[in-house]
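Visitor: For reference, the structure I am asking about is given below.
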Amino acid sequence: MSYFESCLHSLPEGSDSPSKMATVARRLGYEGIIICNHTGFEKFFRPDAVREVKGIKVAFGIEIVANSPRSMRSRVASARARFPFVSVHGGSEETNKAACENPEVDVLFHPEEGRKVLGIAAARAARMNQVAIGFDLRPLIRLRGNSRSRWLEVVQRNLNLVRKFDLSMTITTGSRSCLDLRAPRELRALAEIAGFESHETEEALRYPARVLELNSRRWAGPGVEIL
Amino acid sequence: MIQRPENLTRHEMIGLSVLVAGSTNRDLVGISGRIVDETRNTLLVETEHGTKRIPKSNTSLTFTLPDGQKARVSGSILISQPENRINKKMQRTRWKL
């Protein structure tokens, strides 16, 4: 199956430890999870305890939150060597564009947070630099009424851009607790409500595993792998 | 200039030993030998069973550098006339095979 949940927040940002998250995710049918806290590796709560959870792959990534594109670039550069999965928390137009223009970034999460559509220039840059767009479906569950319909509208427009430029995408629940985790089947159903096609959700759930596998190999340059 | 995996795609290919690691044409997979000539779209490889012409597109090639280091290259990024390849603008992505 190789379904991965790609943007989970564990203690101290969430309310559960990585090992608890891994145990629940395994029960739900995931092959692996990626813990993407906003802070660095040293602040993860007992990362070694995860090794005791058998039957599921757990990777520690980072979700970079930055106020300006400049600080985002420097944080990405320093995080790239330490983490197998580097994502950026989008929002403002400048941050979204800077993340898409950086080939070191794997996934741009929450590009719709500033209620602005991604933009054609950013989408084109994401295509060029192989930056995937991450759709967090938590607002679909949490929001109600007008705010949810506004969110759906922005997501739909982003989705059209993703299809137009043939970008990779990934979906997540952005859980901060093991109780927020959804099974892949539920995620697929939610994504279809938000306008995703079934083959797109299938691919989006598999994408993080592919990124982790590619990042674990040694690359001398684009298309050149050192054996 | 010393050949390294970093500058392999911009370097002279003639004289390097190569192995076709993957291709959409299954008959080409496994061909190995020394490169004796290069055109824009193909490589001419001297093998035990004669010289073979291998297309660069849709092929994954494993090069062995003079120092014994091995590097796998996606053939599509080599598509260019050899004399112009040094100036070719590469994509800035980390991986693309």
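Following the order of the structure tokens, chains are lettered A, B, ..., residues in each are numbered from 1, and ligands are numbered from 1.
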What's around Ala99 (chain A) at 8 Å? Count only C-alpha atoms, leave out sequence neighbours fewer than 3 positions away in its own chain, and write the answer as a list in words.
Guide: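 Residues meeting the cut-off are Pro69, Met72, Arg73, Val88, Gly90, Thr95, Asn96, Asn102, Val105, Leu108 and Val131 of chain A.
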Visitor: Would you save the residues of that selection, restricted to N, CA and C atoms, as a PDB file, in the first residue's frame?
Guide:
```pdb
ATOM      1  N   PRO A  69      10.689  35.545   3.348  1.00  0.00           N
ATOM      2  CA  PRO A  69      11.323  34.586   2.431  1.00  0.00           C
ATOM      3  C   PRO A  69      12.805  34.407   2.734  1.00  0.00           C
ATOM      4  N   MET A  72      13.243  32.117   5.594  1.00  0.00           N
ATOM      5  CA  MET A  72      12.828  30.779   5.174  1.00  0.00           C
ATOM      6  C   MET A  72      13.957  30.077   4.409  1.00  0.00           C
ATOM      7  N   ARG A  73      14.581  30.827   3.497  1.00  0.00           N
ATOM      8  CA  ARG A  73      15.666  30.243   2.693  1.00  0.00           C
ATOM      9  C   ARG A  73      16.822  29.772   3.579  1.00  0.00           C
ATOM     10  N   VAL A  88       7.537  23.379   4.039  1.00  0.00           N
ATOM     11  CA  VAL A  88       7.412  24.784   4.430  1.00  0.00           C
ATOM     12  C   VAL A  88       5.943  25.073   4.714  1.00  0.00           C
ATOM     13  N   GLY A  90       3.236  27.419   4.349  1.00  0.00           N
ATOM     14  CA  GLY A  90       2.968  28.593   3.506  1.00  0.00           C
ATOM     15  C   GLY A  90       1.956  29.522   4.147  1.00  0.00           C
ATOM     16  N   THR A  95       5.909  33.993   0.876  1.00  0.00           N
ATOM     17  CA  THR A  95       6.426  32.713   1.391  1.00  0.00           C
ATOM     18  C   THR A  95       6.130  31.586   0.415  1.00  0.00           C
ATOM     19  N   ASN A  96       4.890  31.560  -0.115  1.00  0.00           N
ATOM     20  CA  ASN A  96       4.528  30.504  -1.070  1.00  0.00           C
ATOM     21  C   ASN A  96       5.459  30.523  -2.271  1.00  0.00           C
ATOM     22  N   ASN A 102      12.438  27.253  -4.378  1.00  0.00           N
ATOM     23  CA  ASN A 102      13.594  26.640  -3.728  1.00  0.00           C
ATOM     24  C   ASN A 102      13.619  25.129  -3.984  1.00  0.00           C
ATOM     25  N   VAL A 105      13.252  22.419  -1.098  1.00  0.00           N
ATOM     26  CA  VAL A 105      11.983  22.167  -0.388  1.00  0.00           C
ATOM     27  C   VAL A 105      11.288  20.964  -1.015  1.00  0.00           C
ATOM     28  N   LEU A 108       5.225  22.097  -0.009  1.00  0.00           N
ATOM     29  CA  LEU A 108       4.688  23.354   0.536  1.00  0.00           C
ATOM     30  C   LEU A 108       3.312  23.053   1.113  1.00  0.00           C
ATOM     31  N   VAL A 131       8.660  20.911  -6.401  1.00  0.00           N
ATOM     32  CA  VAL A 131       8.096  21.125  -5.062  1.00  0.00           C
ATOM     33  C   VAL A 131       6.635  20.668  -5.107  1.00  0.00           C
TER      34      VAL A 131
END
```
Visitor: Fewer than 2 positions away in the same chain doesn't count, so skip those; otherwise give me all residues within 9 Å of region 185-191 of chain A, counting only C-alpha atoms, as number ranges by chain.
Guide: A: 137, 140-141, 171-173, 182-183, 193-198, 201-202, 205
Visitor: Selection from above, N, CA and C atoms, as a PDB file, in the first residue's frame, can you write it?
Guide:
```pdb
ATOM      1  N   LEU A 137      -6.343  18.731   5.106  1.00  0.00           N
ATOM      2  CA  LEU A 137      -7.808  18.643   5.059  1.00  0.00           C
ATOM      3  C   LEU A 137      -8.462  18.935   6.409  1.00  0.00           C
ATOM      4  N   LEU A 140     -11.506  21.238   6.547  1.00  0.00           N
ATOM      5  CA  LEU A 140     -12.753  20.651   6.045  1.00  0.00           C
ATOM      6  C   LEU A 140     -13.549  20.025   7.191  1.00  0.00           C
ATOM      7  N   ILE A 141     -12.833  19.516   8.201  1.00  0.00           N
ATOM      8  CA  ILE A 141     -13.492  18.891   9.347  1.00  0.00           C
ATOM      9  C   ILE A 141     -13.841  19.948  10.392  1.00  0.00           C
ATOM     10  N   ILE A 171      -1.726  14.737   0.561  1.00  0.00           N
ATOM     11  CA  ILE A 171      -2.800  15.157   1.454  1.00  0.00           C
ATOM     12  C   ILE A 171      -2.508  14.668   2.871  1.00  0.00           C
ATOM     13  N   THR A 172      -2.987  15.422   3.813  1.00  0.00           N
ATOM     14  CA  THR A 172      -2.720  15.097   5.213  1.00  0.00           C
ATOM     15  C   THR A 172      -3.879  15.604   6.069  1.00  0.00           C
ATOM     16  N   THR A 173      -3.901  15.145   7.311  1.00  0.00           N
ATOM     17  CA  THR A 173      -4.890  15.712   8.236  1.00  0.00           C
ATOM     18  C   THR A 173      -4.230  16.740   9.153  1.00  0.00           C
ATOM     19  N   ARG A 182      -6.791  10.167  10.742  1.00  0.00           N
ATOM     20  CA  ARG A 182      -7.838   9.513   9.941  1.00  0.00           C
ATOM     21  C   ARG A 182      -7.217   8.388   9.130  1.00  0.00           C
ATOM     22  N   ALA A 183      -7.977   7.358   8.904  1.00  0.00           N
ATOM     23  CA  ALA A 183      -7.490   6.236   8.094  1.00  0.00           C
ATOM     24  C   ALA A 183      -7.398   6.676   6.628  1.00  0.00           C
ATOM     25  N   ILE A 193     -14.629  14.857  -1.402  1.00  0.00           N
ATOM     26  CA  ILE A 193     -15.588  15.943  -1.131  1.00  0.00           C
ATOM     27  C   ILE A 193     -14.957  17.285  -1.525  1.00  0.00           C
ATOM     28  N   ALA A 194     -13.646  17.417  -1.257  1.00  0.00           N
ATOM     29  CA  ALA A 194     -12.965  18.676  -1.560  1.00  0.00           C
ATOM     30  C   ALA A 194     -12.661  18.821  -3.048  1.00  0.00           C
ATOM     31  N   GLY A 195     -12.976  17.807  -3.845  1.00  0.00           N
ATOM     32  CA  GLY A 195     -12.831  17.951  -5.293  1.00  0.00           C
ATOM     33  C   GLY A 195     -11.700  17.158  -5.915  1.00  0.00           C
ATOM     34  N   PHE A 196     -11.045  16.301  -5.138  1.00  0.00           N
ATOM     35  CA  PHE A 196      -9.959  15.485  -5.700  1.00  0.00           C
ATOM     36  C   PHE A 196     -10.547  14.299  -6.463  1.00  0.00           C
ATOM     37  N   GLU A 197      -9.834  13.858  -7.478  1.00  0.00           N
ATOM     38  CA  GLU A 197     -10.194  12.618  -8.168  1.00  0.00           C
ATOM     39  C   GLU A 197      -9.613  11.455  -7.362  1.00  0.00           C
ATOM     40  N   SER A 198     -10.182  10.253  -7.550  1.00  0.00           N
ATOM     41  CA  SER A 198      -9.718   9.136  -6.711  1.00  0.00           C
ATOM     42  C   SER A 198      -8.265   8.754  -7.008  1.00  0.00           C
ATOM     43  N   THR A 201      -5.902  11.203  -5.180  1.00  0.00           N
ATOM     44  CA  THR A 201      -5.728  10.970  -3.740  1.00  0.00           C
ATOM     45  C   THR A 201      -4.825   9.772  -3.492  1.00  0.00           C
ATOM     46  N   GLU A 202      -5.000   8.770  -4.339  1.00  0.00           N
ATOM     47  CA  GLU A 202      -4.161   7.567  -4.222  1.00  0.00           C
ATOM     48  C   GLU A 202      -2.688   7.952  -4.363  1.00  0.00           C
ATOM     49  N   LEU A 205      -1.317  10.109  -1.434  1.00  0.00           N
ATOM     50  CA  LEU A 205      -1.000   9.366  -0.208  1.00  0.00           C
ATOM     51  C   LEU A 205       0.316   8.596  -0.342  1.00  0.00           C
TER      52      LEU A 205
END
```
Visitor: Enumerate, in order of chain and increasing residue number, the residues of chain A with an atom no farther than 7 Å from chain B, each with its shortest atom pair and distance in Å to one decimal, counting only C-alpha atoms, as CSV.
Guide:
```
residue,atom,partner,partner_atom,distance
A:Pro103,CA,B:Thr93,CA,5.3
A:Asn129,CA,B:Thr93,CA,5.2
A:Gln130,CA,B:Thr93,CA,6.6
A:Trp219,CA,B:Trp95,CA,6.7
A:Ala220,CA,B:Glu6,CA,5.0
A:Gly221,CA,B:Arg94,CA,6.0
A:Pro222,CA,B:Trp95,CA,4.8
A:Gly223,CA,B:Lys96,CA,4.8
A:Val224,CA,B:Val73,CA,4.6
A:Glu225,CA,B:Arg72,CA,5.0
A:Ile226,CA,B:Ala71,CA,4.5
A:Leu227,CA,B:Ala71,CA,5.4
```
Visitor: Considering only C-alpha atoms, state which residue in the set B:Leu16, B:Arg85, B:Lys52, B:Asp27 is at the smallest distance from Gln3 (chain B).
Guide: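 Of B:Leu16, B:Arg85, B:Lys52, B:Asp27, the one nearest Gln3 (chain B) is B:Leu16, counting only C-alpha atoms.
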